[in-house]
Amino acid sequence: MTFTELAYSIFRRAIDDYHLTDDVDAPMPCPYESGTIEADLYRKNWIDTVQWHLEDIIRDPDINPVEALALKRRIDRSNQERTDLVETIDSYFYTRYHDILPLPGATINTESPAWAVDRLSILALKIYHMQEQAGRADATPQHRQACNRKLDVLLQQRADLSTAIDQLLDDIQAGRKYMRVYKQMKMYNDVDTNPILYGKK
């Protein structure tokens, strides 16, 4: 099993588990041992899945403004958790390939393995919900046909992205590519770098 086959199967399990209740406040029922890459992948997609539905909720044109602000704050926290977890997954890859000596002429990729895996997690959500739309009994045939066409594109994207991630990991393993772990250093969440926040200290 390739890494992306493992990751995607975990993402789909997390999505299916979430939709047993379809509740953004439901506790995460992670079936994997804490501290494993499997648990990190499950948690990553669970965060993405909850945030997907929070983004739906906040777009309700009739939402109470106070509730909308609370949701925005929650989405901000979720984004930070997501970023932190991507960095944790990248640390897993960095540790895994730490002893690989890059070949002369080895190059770095435009994104790290974990940020590519992040895109695969989001793609799993897009595919799940586009399949849902393509099969909606209360939608028009035109809607279902349009969603099926979009689903075909998403499935091709999944195949292409999975291939690219697995090739990147193979290249790192062989020394043709090398990686570094960069912290995102988001400034707007930091009370010392966001002028609105440090101005209130």
# chains A, B, ... in the order shown; residues from 1 in each chain; ligands from 1
call {"tool": "residues_around", "arguments": {"residues": "Tyr94 in chain A", "least_positions_apart": "4", "cutoff": "8 Å", "atoms": "only C-alpha atoms", "output": "number ranges by chain"}}
result
A: 90, 98, 179-181
call {"tool": "write_last_selection", "arguments": {"atoms": "N, CA and C atoms", "output": "PDB file, in the first residue's frame"}}
result
ATOM      1  N   ASP A  90       4.702  16.871   8.788  1.00  0.00           N
ATOM      2  CA  ASP A  90       5.974  17.103   8.109  1.00  0.00           C
ATOM      3  C   ASP A  90       7.149  16.663   8.981  1.00  0.00           C
ATOM      4  N   HIS A  98      15.425  11.515   7.590  1.00  0.00           N
ATOM      5  CA  HIS A  98      16.517  12.341   8.118  1.00  0.00           C
ATOM      6  C   HIS A  98      17.898  11.813   7.733  1.00  0.00           C
ATOM      7  N   MET A 179      13.975  17.753   1.818  1.00  0.00           N
ATOM      8  CA  MET A 179      12.899  18.543   2.414  1.00  0.00           C
ATOM      9  C   MET A 179      13.393  19.259   3.660  1.00  0.00           C
ATOM     10  N   ARG A 180      12.694  20.303   3.994  1.00  0.00           N
ATOM     11  CA  ARG A 180      12.874  21.001   5.252  1.00  0.00           C
ATOM     12  C   ARG A 180      11.492  21.209   5.868  1.00  0.00           C
ATOM     13  N   VAL A 181      11.466  21.403   7.175  1.00  0.00           N
ATOM     14  CA  VAL A 181      10.212  21.705   7.861  1.00  0.00           C
ATOM     15  C   VAL A 181      10.227  23.175   8.223  1.00  0.00           C
TER      16      VAL A 181
END
call {"tool": "residues_around", "arguments": {"residues": "range 162-166 of chain A", "least_positions_apart": "2", "cutoff": "10 Å", "atoms": "only C-alpha atoms", "output": "PyMOL selection string"}}
result
chain A and resi 2-5+7-8+112-117+120+156-160+168-172
call {"tool": "atom_distance", "arguments": {"atom1": "CA of Leu123 in chain A", "atom2": "CA of Asp48 in chain A"}}
result
10.4 Å
call {"tool": "residues_around", "arguments": {"residues": "Ile127 in chain A", "least_positions_apart": "6", "cutoff": "8 Å", "atoms": "only C-alpha atoms", "output": "ChimeraX atom specification"}}
result
/A:151,154-155
call {"tool": "select_by_dssp", "arguments": {"residues": "range 2-201 of chain A", "states": "helix (DSSP H, G or I)", "output": "ChimeraX atom specification"}}
result
/A:3-18,37-58,65-96,113-134,141-174,195-198
call {"tool": "decode", "arguments": {"residues": "range 184-197 of chain A", "atoms": "N, CA and C atoms", "output": "CSV table (one decimal), in the first residue's frame"}}
result
chain,number,residue,atom,x,y,z
A,184,GLN,N,4.9,27.9,9.9
A,184,GLN,CA,4.2,28.9,9.1
A,184,GLN,C,4.3,30.3,9.6
A,185,MET,N,4.6,30.4,11.0
A,185,MET,CA,4.8,31.7,11.6
A,185,MET,C,3.6,32.7,11.3
A,186,LYS,N,2.4,32.2,11.4
A,186,LYS,CA,1.3,33.1,11.2
A,186,LYS,C,1.3,34.2,12.2
A,187,MET,N,1.2,35.4,11.7
A,187,MET,CA,1.4,36.6,12.6
A,187,MET,C,0.1,37.1,13.2
A,188,TYR,N,-1.0,36.9,12.6
A,188,TYR,CA,-2.2,37.5,13.0
A,188,TYR,C,-2.8,36.8,14.3
A,189,ASN,N,-2.3,35.5,14.6
A,189,ASN,CA,-2.7,34.9,15.8
A,189,ASN,C,-1.8,35.2,17.0
A,190,ASP,N,-0.7,35.9,16.8
A,190,ASP,CA,0.3,36.1,17.8
A,190,ASP,C,0.1,37.4,18.4
A,191,VAL,N,0.0,37.5,19.7
A,191,VAL,CA,-0.2,38.7,20.4
A,191,VAL,C,1.0,39.6,20.4
A,192,ASP,N,2.1,39.1,20.0
A,192,ASP,CA,3.4,39.9,19.9
A,192,ASP,C,3.6,40.4,18.5
A,193,THR,N,2.9,40.0,17.4
A,193,THR,CA,3.1,40.4,16.1
A,193,THR,C,1.9,41.0,15.4
A,194,ASN,N,0.7,40.8,15.9
A,194,ASN,CA,-0.5,41.4,15.4
A,194,ASN,C,-0.7,42.8,16.1
A,195,PRO,N,-0.6,43.9,15.4
A,195,PRO,CA,-0.6,45.2,16.0
A,195,PRO,C,-1.9,45.5,16.7
A,196,ILE,N,-3.0,44.9,16.3
A,196,ILE,CA,-4.3,45.1,16.9
A,196,ILE,C,-4.3,44.4,18.3
A,197,LEU,N,-3.6,43.3,18.4
A,197,LEU,CA,-3.5,42.5,19.7
A,197,LEU,C,-2.5,43.1,20.6
